[in-house]
>>> print(open('final-v8.cif').read())   # mmCIF, C-alpha atoms
data_my_file
#
loop_
_atom_site.group_PDB
_atom_site.id
_atom_site.type_symbol
_atom_site.label_atom_id
_atom_site.label_comp_id
_atom_site.auth_asym_id
_atom_site.auth_seq_id
_atom_site.Cartn_x
_atom_site.Cartn_y
_atom_site.Cartn_z
ATOM 1 C CA MET A 889 137.442 -71.132 21.029
ATOM 2 C CA PRO A 890 137.492 -73.470 18.052
ATOM 3 C CA ARG A 891 134.966 -72.850 15.322
ATOM 4 C CA THR A 892 132.279 -75.486 15.103
ATOM 5 C CA ARG A 893 130.543 -76.764 12.006
ATOM 6 C CA GLN A 894 127.062 -75.481 11.330
ATOM 7 C CA THR A 895 124.580 -78.323 11.288
ATOM 8 C CA SER A 896 122.143 -76.224 9.309
ATOM 9 C CA ALA A 897 123.150 -72.759 8.261
ATOM 10 C CA PHE A 898 119.534 -72.133 7.312
ATOM 11 C CA ALA A 899 118.600 -72.642 10.949
ATOM 12 C CA LEU A 900 121.702 -71.258 12.623
ATOM 13 C CA ILE A 901 121.447 -67.855 11.010
ATOM 14 C CA THR A 902 118.187 -67.467 12.899
ATOM 15 C CA VAL A 903 119.466 -68.303 16.390
ATOM 16 C CA ALA A 904 117.968 -66.129 19.077
ATOM 17 C CA ALA A 905 121.039 -65.871 21.304
ATOM 18 C CA LEU A 906 124.800 -65.880 20.858
ATOM 19 C CA SER A 907 125.082 -68.594 23.476
ATOM 20 C CA LEU A 908 123.351 -70.940 21.063
ATOM 21 C CA THR A 909 126.407 -70.896 18.803
ATOM 22 C CA ALA A 910 128.204 -73.952 20.114
ATOM 23 C CA CYS A 911 131.897 -74.348 20.790
ATOM 24 C CA GLY A 912 133.443 -77.749 20.289
ATOM 25 C CA SER A 913 136.214 -79.855 18.873
ATOM 26 C CA GLY A 914 135.319 -79.251 15.254
ATOM 27 C CA GLY A 915 132.916 -82.155 14.800
ATOM 28 C CA PRO A 916 129.317 -81.747 13.657
ATOM 29 C CA ALA A 917 127.143 -79.895 16.148
ATOM 30 C CA ALA A 918 123.519 -80.544 16.965
ATOM 31 C CA VAL A 919 120.986 -77.912 15.977
ATOM 32 C CA PRO A 920 120.877 -75.584 18.988
ATOM 33 C CA ALA A 921 117.740 -75.544 21.103
ATOM 34 C CA GLY A 922 115.872 -72.341 20.403
ATOM 35 C CA ALA A 923 116.950 -72.059 16.775
ATOM 36 C CA SER A 924 114.099 -70.890 14.607
ATOM 37 C CA ALA A 925 112.487 -73.370 12.259
ATOM 38 C CA VAL A 926 113.743 -73.500 8.681
ATOM 39 C CA ARG A 927 111.444 -71.632 6.329
ATOM 40 C CA GLY A 928 111.646 -72.857 2.751
ATOM 41 C CA LYS A 929 113.347 -75.878 1.316
ATOM 42 C CA ILE A 930 117.052 -76.205 0.625
ATOM 43 C CA PRO A 931 117.496 -76.585 -3.162
ATOM 44 C CA THR A 932 118.478 -80.122 -4.137
ATOM 45 C CA ALA A 933 118.511 -80.010 -7.958
ATOM 46 C CA ASP A 934 121.538 -81.826 -9.389
ATOM 47 C CA VAL A 935 123.088 -79.291 -11.741
ATOM 48 C CA ILE A 936 126.423 -81.107 -11.994
ATOM 49 C CA ALA A 937 125.446 -84.509 -13.409
ATOM 50 C CA SER A 938 125.123 -83.238 -16.978
ATOM 51 C CA VAL A 939 128.540 -81.530 -17.045
ATOM 52 C CA LYS A 940 130.840 -83.065 -19.671
ATOM 53 C CA LYS A 941 134.610 -82.878 -19.740
ATOM 54 C CA ASN A 942 135.852 -79.804 -21.572
ATOM 55 C CA ASP A 943 138.894 -81.169 -23.392
ATOM 56 C CA GLU A 944 140.049 -77.772 -24.640
ATOM 57 C CA ALA A 945 139.986 -76.337 -21.137
ATOM 58 C CA ALA A 946 141.650 -79.426 -19.664
ATOM 59 C CA LYS A 947 144.545 -79.068 -22.102
ATOM 60 C CA LEU A 948 145.394 -75.778 -20.404
ATOM 61 C CA LEU A 949 146.114 -77.499 -17.100
ATOM 62 C CA PRO A 950 149.758 -77.902 -16.028
ATOM 63 C CA ALA A 951 151.148 -81.359 -16.826
ATOM 64 C CA ARG A 952 151.565 -82.221 -13.143
ATOM 65 C CA VAL A 953 147.880 -81.552 -12.476
ATOM 66 C CA ARG A 954 146.731 -83.569 -15.484
ATOM 67 C CA ALA A 955 148.931 -86.425 -14.296
ATOM 68 C CA SER A 956 147.662 -86.392 -10.707
ATOM 69 C CA GLY A 957 144.050 -85.699 -11.619
ATOM 70 C CA THR A 958 143.455 -83.927 -8.304
ATOM 71 C CA LEU A 959 143.428 -80.452 -6.805
ATOM 72 C CA SER A 960 143.317 -79.360 -3.172
ATOM 73 C CA LEU A 961 140.604 -76.820 -2.449
ATOM 74 C CA ALA A 962 140.029 -74.774 0.698
ATOM 75 C CA ALA A 963 136.366 -73.919 1.177
ATOM 76 C CA GLY A 964 135.106 -71.098 3.324
ATOM 77 C CA VAL A 965 131.734 -72.108 4.787
ATOM 78 C CA GLY A 966 129.266 -69.508 5.981
ATOM 79 C CA SER A 967 125.601 -69.205 5.084
ATOM 80 C CA PRO A 968 123.270 -69.630 2.108
ATOM 81 C CA PRO A 969 123.395 -69.210 -0.785
ATOM 82 C CA GLY A 970 127.214 -69.344 -0.922
ATOM 83 C CA ALA A 971 128.409 -72.382 1.044
ATOM 84 C CA PHE A 972 126.900 -74.044 4.106
ATOM 85 C CA TYR A 973 126.227 -77.404 5.759
ATOM 86 C CA ARG A 974 122.995 -79.288 5.168
ATOM 87 C CA GLU A 975 120.982 -80.651 8.088
ATOM 88 C CA ASP A 976 123.273 -83.655 8.559
ATOM 89 C CA GLY A 977 126.128 -81.359 9.565
ATOM 90 C CA LYS A 978 128.448 -83.050 7.069
ATOM 91 C CA THR A 979 127.233 -82.376 3.530
ATOM 92 C CA LEU A 980 128.210 -79.074 1.947
ATOM 93 C CA ALA A 981 125.847 -77.197 -0.344
ATOM 94 C CA GLY A 982 125.612 -73.814 -1.995
ATOM 95 C CA ALA A 983 126.527 -71.934 -5.148
ATOM 96 C CA ASP A 984 130.267 -71.953 -4.367
ATOM 97 C CA ILE A 985 130.163 -75.728 -3.942
ATOM 98 C CA ASP A 986 128.297 -76.261 -7.210
ATOM 99 C CA PHE A 987 130.574 -73.960 -9.195
ATOM 100 C CA ALA A 988 133.719 -75.650 -7.887
ATOM 101 C CA ASP A 989 132.341 -79.137 -8.538
ATOM 102 C CA ALA A 990 131.195 -78.185 -12.035
ATOM 103 C CA VAL A 991 134.579 -76.699 -12.977
ATOM 104 C CA ALA A 992 136.411 -79.721 -11.586
ATOM 105 C CA LYS A 993 134.218 -82.087 -13.589
ATOM 106 C CA ALA A 994 134.714 -80.031 -16.743
ATOM 107 C CA LEU A 995 138.475 -80.258 -16.227
ATOM 108 C CA GLY A 996 138.393 -83.978 -15.431
ATOM 109 C CA LEU A 997 139.686 -83.428 -11.890
ATOM 110 C CA GLU A 998 138.827 -84.692 -8.420
ATOM 111 C CA LEU A 999 138.725 -82.084 -5.663
ATOM 112 C CA THR A 1000 140.216 -82.716 -2.259
ATOM 113 C CA ARG A 1001 138.060 -80.230 -0.379
ATOM 114 C CA GLU A 1002 138.941 -79.046 3.113
ATOM 115 C CA VAL A 1003 136.851 -76.569 5.067
ATOM 116 C CA ALA A 1004 138.924 -73.667 6.374
ATOM 117 C CA SER A 1005 138.174 -70.379 8.086
ATOM 118 C CA PHE A 1006 137.627 -67.540 5.658
ATOM 119 C CA GLU A 1007 140.458 -65.415 7.015
ATOM 120 C CA ALA A 1008 142.969 -68.299 6.762
ATOM 121 C CA ILE A 1009 142.382 -69.313 3.132
ATOM 122 C CA LEU A 1010 144.194 -66.580 1.208
ATOM 123 C CA PRO A 1011 147.413 -66.809 3.278
ATOM 124 C CA ALA A 1012 147.283 -70.614 2.925
ATOM 125 C CA LEU A 1013 147.123 -70.291 -0.863
ATOM 126 C CA ASP A 1014 150.196 -68.084 -0.830
ATOM 127 C CA SER A 1015 152.054 -70.673 1.265
ATOM 128 C CA GLY A 1016 151.142 -73.460 -1.146
ATOM 129 C CA LYS A 1017 148.972 -75.409 1.280
ATOM 130 C CA TYR A 1018 146.038 -75.396 -1.170
ATOM 131 C CA ASP A 1019 145.748 -75.089 -4.952
ATOM 132 C CA VAL A 1020 142.538 -73.076 -4.978
ATOM 133 C CA GLY A 1021 140.138 -71.427 -2.544
ATOM 134 C CA THR A 1022 136.448 -70.550 -2.526
ATOM 135 C CA GLY A 1023 134.529 -68.351 -0.117
ATOM 136 C CA ASN A 1024 132.794 -65.577 -2.048
ATOM 137 C CA PHE A 1025 136.164 -63.845 -2.427
ATOM 138 C CA GLY A 1026 135.648 -60.385 -3.889
ATOM 139 C CA VAL A 1027 138.312 -59.128 -6.280
ATOM 140 C CA THR A 1028 139.966 -56.018 -4.816
ATOM 141 C CA GLU A 1029 143.096 -54.123 -5.760
ATOM 142 C CA GLU A 1030 144.694 -55.005 -2.430
ATOM 143 C CA ARG A 1031 144.058 -58.725 -2.901
ATOM 144 C CA ARG A 1032 145.261 -58.668 -6.508
ATOM 145 C CA LYS A 1033 148.746 -57.835 -5.232
ATOM 146 C CA THR A 1034 149.177 -61.337 -3.784
ATOM 147 C CA ILE A 1035 146.289 -63.413 -5.172
ATOM 148 C CA ASP A 1036 145.102 -64.387 -8.658
ATOM 149 C CA PHE A 1037 141.380 -64.748 -9.300
ATOM 150 C CA VAL A 1038 139.194 -66.400 -11.899
ATOM 151 C CA THR A 1039 135.789 -64.747 -11.732
ATOM 152 C CA TYR A 1040 132.484 -66.621 -11.808
ATOM 153 C CA ILE A 1041 129.853 -64.316 -10.272
ATOM 154 C CA ASN A 1042 129.293 -60.695 -9.291
ATOM 155 C CA ASP A 1043 128.177 -60.050 -5.721
ATOM 156 C CA GLY A 1044 129.437 -57.364 -3.382
ATOM 157 C CA GLN A 1045 128.764 -55.414 -0.222
ATOM 158 C CA GLY A 1046 125.463 -54.542 1.399
ATOM 159 C CA PHE A 1047 123.752 -53.828 4.706
ATOM 160 C CA ALA A 1048 120.950 -55.272 6.843
ATOM 161 C CA VAL A 1049 119.241 -53.867 9.934
ATOM 162 C CA ARG A 1050 116.441 -54.652 12.355
ATOM 163 C CA ASP A 1051 112.962 -53.483 11.426
ATOM 164 C CA ASP A 1052 113.081 -50.892 14.219
ATOM 165 C CA SER A 1053 116.110 -49.139 12.692
ATOM 166 C CA ASP A 1054 115.750 -45.570 11.414
ATOM 167 C CA LEU A 1055 118.220 -46.314 8.640
ATOM 168 C CA ARG A 1056 116.697 -46.494 5.170
ATOM 169 C CA GLU A 1057 119.754 -46.489 2.907
ATOM 170 C CA ILE A 1058 123.515 -46.206 3.342
ATOM 171 C CA THR A 1059 125.196 -44.452 0.469
ATOM 172 C CA ASP A 1060 128.129 -43.091 2.461
ATOM 173 C CA LEU A 1061 129.881 -44.767 5.395
ATOM 174 C CA THR A 1062 129.702 -41.581 7.455
ATOM 175 C CA GLN A 1063 126.013 -42.456 7.888
ATOM 176 C CA LEU A 1064 127.319 -45.176 10.247
ATOM 177 C CA CYS A 1065 129.023 -42.691 12.590
ATOM 178 C CA GLY A 1066 128.162 -43.454 16.218
ATOM 179 C CA LEU A 1067 126.730 -46.879 15.365
ATOM 180 C CA THR A 1068 128.018 -50.409 15.930
ATOM 181 C CA VAL A 1069 128.582 -52.444 12.770
ATOM 182 C CA ALA A 1070 128.856 -56.251 12.770
ATOM 183 C CA THR A 1071 130.693 -58.100 10.014
ATOM 184 C CA GLY A 1072 132.819 -61.150 9.261
ATOM 185 C CA ALA A 1073 136.485 -61.331 10.235
ATOM 186 C CA GLY A 1074 139.059 -61.100 7.463
ATOM 187 C CA THR A 1075 136.539 -59.901 4.873
ATOM 188 C CA THR A 1076 136.416 -57.011 2.406
ATOM 189 C CA PHE A 1077 133.691 -55.580 4.637
ATOM 190 C CA GLU A 1078 136.045 -55.365 7.604
ATOM 191 C CA ALA A 1079 138.731 -53.800 5.419
ATOM 192 C CA THR A 1080 136.324 -51.238 3.949
ATOM 193 C CA LEU A 1081 135.053 -50.251 7.376
ATOM 194 C CA GLU A 1082 138.539 -49.924 8.854
ATOM 195 C CA GLU A 1083 139.821 -47.890 5.908
ATOM 196 C CA ASN A 1084 136.993 -45.376 6.260
ATOM 197 C CA GLU A 1085 136.669 -45.217 10.037
ATOM 198 C CA HIS A 1086 138.704 -41.997 10.258
ATOM 199 C CA ARG A 1087 136.107 -40.102 8.237
ATOM 200 C CA CYS A 1088 133.788 -39.812 11.228
ATOM 201 C CA ALA A 1089 136.443 -38.105 13.362
ATOM 202 C CA ASP A 1090 137.496 -36.007 10.377
ATOM 203 C CA SER A 1091 133.976 -34.612 10.245
ATOM 204 C CA GLY A 1092 133.754 -34.102 14.012
ATOM 205 C CA ARG A 1093 131.500 -37.069 14.696
ATOM 206 C CA LYS A 1094 131.813 -40.133 16.880
ATOM 207 C CA ALA A 1095 133.451 -43.047 15.087
ATOM 208 C CA TYR A 1096 131.471 -46.177 14.352
ATOM 209 C CA GLU A 1097 132.498 -49.347 16.163
ATOM 210 C CA VAL A 1098 133.321 -52.456 14.129
ATOM 211 C CA GLN A 1099 132.537 -55.857 15.659
ATOM 212 C CA THR A 1100 134.004 -58.815 13.756
ATOM 213 C CA TYR A 1101 133.071 -62.480 14.088
ATOM 214 C CA ALA A 1102 134.567 -65.631 12.580
ATOM 215 C CA ASP A 1103 131.188 -67.375 12.790
ATOM 216 C CA GLN A 1104 128.379 -66.148 10.536
ATOM 217 C CA ALA A 1105 125.670 -67.138 13.005
ATOM 218 C CA ALA A 1106 127.253 -64.902 15.630
ATOM 219 C CA VAL A 1107 127.158 -61.926 13.262
ATOM 220 C CA TRP A 1108 123.399 -62.259 12.842
ATOM 221 C CA THR A 1109 122.864 -62.910 16.545
ATOM 222 C CA SER A 1110 124.637 -59.657 17.437
ATOM 223 C CA LEU A 1111 122.189 -57.772 15.235
ATOM 224 C CA ARG A 1112 119.111 -59.564 16.516
ATOM 225 C CA GLN A 1113 120.129 -59.044 20.149
ATOM 226 C CA GLY A 1114 120.813 -55.354 19.634
ATOM 227 C CA ARG A 1115 124.525 -55.561 20.333
ATOM 228 C CA SER A 1116 125.078 -54.149 16.856
ATOM 229 C CA ASP A 1117 122.992 -51.640 14.908
ATOM 230 C CA VAL A 1118 123.739 -52.715 11.361
ATOM 231 C CA LEU A 1119 125.288 -55.708 9.602
ATOM 232 C CA MET A 1120 127.570 -55.539 6.564
ATOM 233 C CA SER A 1121 127.966 -58.635 4.419
ATOM 234 C CA THR A 1122 127.472 -60.071 0.927
ATOM 235 C CA ILE A 1123 124.520 -58.816 -1.095
ATOM 236 C CA ASN A 1124 123.293 -62.312 -1.959
ATOM 237 C CA GLY A 1125 123.767 -63.603 1.579
ATOM 238 C CA LEU A 1126 121.904 -60.665 3.105
ATOM 239 C CA ARG A 1127 119.011 -60.866 0.653
ATOM 240 C CA TYR A 1128 118.545 -64.529 1.460
ATOM 241 C CA ALA A 1129 119.047 -64.331 5.222
ATOM 242 C CA VAL A 1130 116.451 -61.642 5.876
ATOM 243 C CA THR A 1131 113.802 -63.826 4.221
ATOM 244 C CA GLN A 1132 114.537 -66.481 6.839
ATOM 245 C CA GLN A 1133 114.417 -64.250 9.908
ATOM 246 C CA GLU A 1134 111.579 -62.115 11.226
ATOM 247 C CA GLY A 1135 112.283 -58.581 12.334
ATOM 248 C CA LEU A 1136 115.190 -57.962 9.941
ATOM 249 C CA ARG A 1137 115.368 -56.257 6.580
ATOM 250 C CA PHE A 1138 117.837 -55.824 3.755
ATOM 251 C CA LEU A 1139 118.866 -52.188 3.603
ATOM 252 C CA ASN A 1140 120.620 -51.694 0.278
ATOM 253 C CA GLU A 1141 123.516 -52.621 -1.940
ATOM 254 C CA TYR A 1142 126.619 -50.545 -1.243
ATOM 255 C CA LYS A 1143 129.227 -51.751 -3.707
ATOM 256 C CA ARG A 1144 129.388 -54.480 -6.338
ATOM 257 C CA LEU A 1145 132.459 -56.738 -6.633
ATOM 258 C CA ASP A 1146 133.420 -59.540 -8.975
ATOM 259 C CA VAL A 1147 133.870 -62.804 -7.090
ATOM 260 C CA GLY A 1148 136.298 -65.523 -8.095
ATOM 261 C CA PHE A 1149 138.192 -68.693 -7.408
ATOM 262 C CA ALA A 1150 141.337 -67.666 -5.529
ATOM 263 C CA PHE A 1151 144.879 -68.860 -6.299
ATOM 264 C CA ALA A 1152 148.440 -68.045 -5.340
ATOM 265 C CA LYS A 1153 149.888 -65.207 -7.416
ATOM 266 C CA GLY A 1154 151.227 -66.398 -10.763
ATOM 267 C CA THR A 1155 149.266 -69.658 -10.759
ATOM 268 C CA PRO A 1156 149.324 -71.689 -13.995
ATOM 269 C CA LEU A 1157 145.806 -72.936 -13.183
ATOM 270 C CA ALA A 1158 143.970 -69.725 -14.031
ATOM 271 C CA PRO A 1159 143.625 -70.157 -17.834
ATOM 272 C CA ALA A 1160 142.115 -73.633 -17.444
ATOM 273 C CA PHE A 1161 139.638 -72.465 -14.798
ATOM 274 C CA GLN A 1162 138.674 -69.467 -16.908
ATOM 275 C CA ALA A 1163 138.046 -71.659 -19.946
ATOM 276 C CA ALA A 1164 136.040 -74.103 -17.826
ATOM 277 C CA VAL A 1165 133.796 -71.366 -16.385
ATOM 278 C CA ASN A 1166 133.150 -69.952 -19.847
ATOM 279 C CA GLY A 1167 132.398 -73.471 -21.075
ATOM 280 C CA LEU A 1168 129.811 -73.898 -18.305
ATOM 281 C CA ASP A 1169 128.199 -70.679 -19.478
ATOM 282 C CA ALA A 1170 128.058 -71.955 -23.046
ATOM 283 C CA ASP A 1171 126.438 -75.289 -22.157
ATOM 284 C CA GLY A 1172 123.833 -73.814 -19.783
ATOM 285 C CA THR A 1173 125.261 -75.166 -16.533
ATOM 286 C CA TYR A 1174 126.198 -71.678 -15.360
ATOM 287 C CA ASP A 1175 122.635 -70.401 -15.603
ATOM 288 C CA ARG A 1176 121.257 -73.536 -13.950
ATOM 289 C CA ILE A 1177 123.499 -73.014 -10.908
ATOM 290 C CA LEU A 1178 122.459 -69.382 -10.546
ATOM 291 C CA LYS A 1179 118.782 -70.243 -10.939
ATOM 292 C CA LYS A 1180 119.047 -73.042 -8.377
ATOM 293 C CA TRP A 1181 120.356 -70.652 -5.727
ATOM 294 C CA GLY A 1182 118.257 -67.637 -6.679
ATOM 295 C CA THR A 1183 121.234 -65.508 -7.704
ATOM 296 C CA THR A 1184 120.570 -64.836 -11.384
ATOM 297 C CA GLY A 1185 121.240 -61.158 -10.732
ATOM 298 C CA SER A 1186 124.883 -62.075 -10.075
ATOM 299 C CA ALA A 1187 125.613 -63.402 -13.564
ATOM 300 C CA ILE A 1188 128.734 -62.162 -15.320
ATOM 301 C CA ARG A 1189 129.172 -61.921 -19.100
ATOM 302 C CA THR A 1190 132.459 -63.795 -19.200
ATOM 303 C CA SER A 1191 135.017 -65.126 -16.749
ATOM 304 C CA GLN A 1192 138.141 -63.002 -16.336
ATOM 305 C CA ILE A 1193 141.529 -63.507 -14.725
ATOM 306 C CA SER A 1194 142.148 -60.950 -11.960
ATOM 307 C CA PRO A 1195 140.193 -58.036 -13.476
ATOM 308 C CA PRO A 1196 140.532 -54.581 -11.914
ATOM 309 C CA GLU A 1197 138.352 -53.908 -8.909
ATOM 310 C CA ILE A 1198 134.931 -52.536 -9.783
ATOM 311 C CA THR A 1199 134.771 -48.873 -8.780
#
>>> encode(input="final-v8.cif", output="structure tokens")
Amino acid sequence: MPRTRQTSAFALITVAALSLTACGSGGPAAVPAGASAVRGKIPTADVIASVKKNDEAAKLLPARVRASGTLSLAAGVGSPPGAFYREDGKTLAGADIDFADAVAKALGLELTREVASFEAILPALDSGKYDVGTGNFGVTEERRKTIDFVTYINDGQGFAVRDDSDLREITDLTQLCGLTVATGAGTTFEATLEENEHRCADSGRKAYEVQTYADQAAVWTSLRQGRSDVLMSTINGLRYAVTQQEGLRFLNEYKRLDVGFAFAKGTPLAPAFQAAVNGLDADGTYDRILKKWGTTGSAIRTSQISPPEIT
């Protein structure tokens, strides 16, 4: 079943049934009948126009990149505020989009952006298909073995439930024993859940069941329909999504992670991207992007290249 583009992630994350998530050839899909109305306006402030070329950062680019003036970027598209499609089903928006565009402009580069499934991006970087990837990629020790990162925000892992749930806070994953947990395929959430699944049996309790979905709308639909008991996803994404859907609530943050642009291991692009991100912080663009998307709590002090995982 090919993944279909989301015409409006703001609307699609509120679909009332899994059947409303269309399957198609990859072209833009119409807003499904039955999707809840969008509540709140999609931010449209242009935070990129004022970005000037950062000559010092651009000098750090490899000669071949300076000569071509282009970079190929794989973008993971999910839901607000990270990266999503606007109502036309073609135009991308979100914090990840703005950060990538701002860095490219600061470096004097044009991005050749291609939307790719989240779980396919990191392997494609390693194979050389793309120069850089975005998709709210958290920096973990496992990923650092094969991927280089240049950090630009701090997000992490959290949980959401229906209003009728007895859960009030999850501080230990054994609190999920016997429950069904929905999450995105190929994510740090899936990895965390799988790594800790044995702890339920170790303590004599029924294991939790992990349901993974490639489509973000389907993750939320599983929770709304009661096919899952709890949803694990990004802190920023969860906080936003529950404001757009009745009957759901953000439970709590579980773990913070630095998030970065992703590259093949040993990339020569990292120093230039790091300098560009820090330059955006200095000129105020960084704060404007965070404010636009309501994620000021995710600010980092300075961009780093593949820092250790936050523990």
>>> resolve_selection(input="final-v8.cif", expression="the PyMOL selection byres ((chain A and resi 942-944) around 9)", output="PDB file with C-alpha atoms, in the frame of the given file")
ATOM      1  CA  VAL A 939     128.540 -81.530 -17.045  1.00  0.00           C
ATOM      2  CA  LYS A 940     130.840 -83.065 -19.671  1.00  0.00           C
ATOM      3  CA  LYS A 941     134.610 -82.878 -19.740  1.00  0.00           C
ATOM      4  CA  ALA A 945     139.986 -76.337 -21.137  1.00  0.00           C
ATOM      5  CA  ALA A 946     141.650 -79.426 -19.664  1.00  0.00           C
ATOM      6  CA  LYS A 947     144.545 -79.068 -22.102  1.00  0.00           C
ATOM      7  CA  LEU A 948     145.394 -75.778 -20.404  1.00  0.00           C
ATOM      8  CA  LYS A 993     134.218 -82.087 -13.589  1.00  0.00           C
ATOM      9  CA  ALA A 994     134.714 -80.031 -16.743  1.00  0.00           C
ATOM     10  CA  LEU A 995     138.475 -80.258 -16.227  1.00  0.00           C
ATOM     11  CA  GLY A 996     138.393 -83.978 -15.431  1.00  0.00           C
ATOM     12  CA  ALA A1160     142.115 -73.633 -17.444  1.00  0.00           C
ATOM     13  CA  ALA A1163     138.046 -71.659 -19.946  1.00  0.00           C
ATOM     14  CA  ALA A1164     136.040 -74.103 -17.826  1.00  0.00           C
ATOM     15  CA  GLY A1167     132.398 -73.471 -21.075  1.00  0.00           C
TER      16      GLY A1167
END
>>> residues_around(input="final-v8.cif", residues="Glu1002 (chain A)", least_positions_apart="4", cutoff="9 Å", atoms="all atoms listed in the file", output="CSV table (one decimal) with C-alpha atoms, keeping the file's coordinate frame")
chain,number,residue,atom,x,y,z
A,960,SER,CA,143.3,-79.4,-3.2
A,961,LEU,CA,140.6,-76.8,-2.4
A,962,ALA,CA,140.0,-74.8,0.7
A,963,ALA,CA,136.4,-73.9,1.2
A,964,GLY,CA,135.1,-71.1,3.3
>>> residues_around(input="final-v8.cif", residues="region 1019-1031 of chain A", least_positions_apart="6", cutoff="9 Å", atoms="all atoms listed in the file", output="VMD selection string")
chain A and resid 959 to 966 970 to 971 984 to 985 988 1006 1009 to 1010 1013 1037 1039 1041 to 1044 1075 to 1076 1122 1144 to 1152 1155 1157 1194 to 1198
>>> closest_residue(input="final-v8.cif", among="A:Thr1173, A:Gly1066, A:Pro1156, A:Arg974", to="Ala951 (chain A)", atoms="only C-alpha atoms")
A:Pro1156
>>> resolve_selection(input="final-v8.cif", expression="the PyMOL selection byres ((chain A and resi 1129-1138) around 7)", output="NGL selection string")
:A and (902 or 927 or 1047-1051 or 1125-1128 or 1139-1140)
>>> atom_distance(input="final-v8.cif", atom1="CA of Pro931 (chain A)", atom2="CA of Phe987 (chain A)")
14.6 Å
>>> atom_distance(input="final-v8.cif", atom1="CA of Pro1011 (chain A)", atom2="CA of Ile1035 (chain A)")
9.2 Å
>>> atom_distance(input="final-v8.cif", atom1="CA of Tyr1101 (chain A)", atom2="CA of Thr1059 (chain A)")
23.9 Å
>>> residues_around(input="final-v8.cif", residues="Cys1088 (chain A)", least_positions_apart="4", cutoff="9 Å", atoms="all atoms listed in the file", output="list in words")
Leu1061, Thr1062, Gln1063, Leu1064, Cys1065, Gly1066, Asn1084, Gly1092, Arg1093, Lys1094, Ala1095 and Tyr1096 of chain A
>>> closest_residue(input="final-v8.cif", among="A:Asp1175, A:Asp934, A:Glu1057, A:Glu998", to="Ile1188 (chain A)", atoms="only C-alpha atoms")
A:Asp1175
>>> residues_around(input="final-v8.cif", residues="Gly1172 (chain A)", least_positions_apart="4", cutoff="10 Å", atoms="only C-alpha atoms", output="list in words")
Val935, Ser938, Val939, Gly1167, Leu1168, Arg1176 and Ile1177 of chain A
>>> closest_residue(input="final-v8.cif", among="A:Gly1046, A:Ile1058, A:Asp1052, A:Glu1007", to="Gly1074 (chain A)", atoms="all atoms listed in the file")
A:Glu1007
>>> closest_residue(input="final-v8.cif", among="A:Ser1053, A:Tyr973, A:Leu999, A:Thr932", to="Thr958 (chain A)", atoms="all atoms listed in the file")
A:Leu999
>>> resolve_selection(input="final-v8.cif", expression="the PyMOL selection byres ((chain A and resi 1078) around 12)", output="PyMOL selection string")
chain A and resi 1007+1045+1069-1077+1079-1085+1097-1102+1119-1122
>>> axis_aligned_box(input="final-v8.cif", around="region 1156-1175 of chain A", padding_each_side="5 Å", output="lines of an AutoDock Vina configuration file")
center_x = 136.0
center_y = -72.4
center_z = -18.1
size_x = 36.7
size_y = 15.8
size_z = 19.9
>>> closest_residue(input="final-v8.cif", among="A:Asp1103, A:Asp1171, A:Asp1014, A:Asp1054", to="Gly1154 (chain A)", atoms="only C-alpha atoms")
A:Asp1014
>>> closest_residue(input="final-v8.cif", among="A:Ala1089, A:Asn1124, A:Ala1105, A:Ala1004", to="Trp1181 (chain A)", atoms="only C-alpha atoms")
A:Asn1124
>>> build_atoms(input="final-v8.cif", residues="region 1025-1034 of chain A", atoms="N, CA and C atoms", output="mmCIF file, in the frame of the given file")
data_model
loop_
_atom_site.group_PDB
_atom_site.id
_atom_site.type_symbol
_atom_site.label_atom_id
_atom_site.label_comp_id
_atom_site.auth_asym_id
_atom_site.auth_seq_id
_atom_site.Cartn_x
_atom_site.Cartn_y
_atom_site.Cartn_z
ATOM 1 N N PHE A 1025 135.048 -64.785 -2.491
ATOM 2 C CA PHE A 1025 136.164 -63.845 -2.427
ATOM 3 C C PHE A 1025 136.001 -62.747 -3.474
ATOM 4 N N GLY A 1026 135.753 -61.519 -2.988
ATOM 5 C CA GLY A 1026 135.648 -60.385 -3.889
ATOM 6 C C GLY A 1026 137.016 -59.970 -4.402
ATOM 7 N N VAL A 1027 137.049 -59.553 -5.659
ATOM 8 C CA VAL A 1027 138.312 -59.128 -6.280
ATOM 9 C C VAL A 1027 138.551 -57.657 -5.949
ATOM 10 N N THR A 1028 139.588 -57.382 -5.163
ATOM 11 C CA THR A 1028 139.966 -56.018 -4.816
ATOM 12 C C THR A 1028 141.400 -55.753 -5.252
ATOM 13 N N GLU A 1029 141.737 -54.479 -5.358
ATOM 14 C CA GLU A 1029 143.096 -54.123 -5.760
ATOM 15 C C GLU A 1029 144.119 -54.615 -4.741
ATOM 16 N N GLU A 1030 143.772 -54.553 -3.464
ATOM 17 C CA GLU A 1030 144.694 -55.005 -2.430
ATOM 18 C C GLU A 1030 144.943 -56.504 -2.553
ATOM 19 N N ARG A 1031 143.901 -57.279 -2.768
ATOM 20 C CA ARG A 1031 144.058 -58.725 -2.901
ATOM 21 C C ARG A 1031 144.794 -59.108 -4.180
ATOM 22 N N ARG A 1032 144.603 -58.337 -5.228
ATOM 23 C CA ARG A 1032 145.261 -58.668 -6.508
ATOM 24 C C ARG A 1032 146.784 -58.582 -6.420
ATOM 25 N N LYS A 1033 147.296 -57.927 -5.388
ATOM 26 C CA LYS A 1033 148.746 -57.835 -5.232
ATOM 27 C C LYS A 1033 149.367 -59.190 -4.913
ATOM 28 N N THR A 1034 148.616 -60.059 -4.237
ATOM 29 C CA THR A 1034 149.177 -61.337 -3.784
ATOM 30 C C THR A 1034 148.372 -62.550 -4.229
#
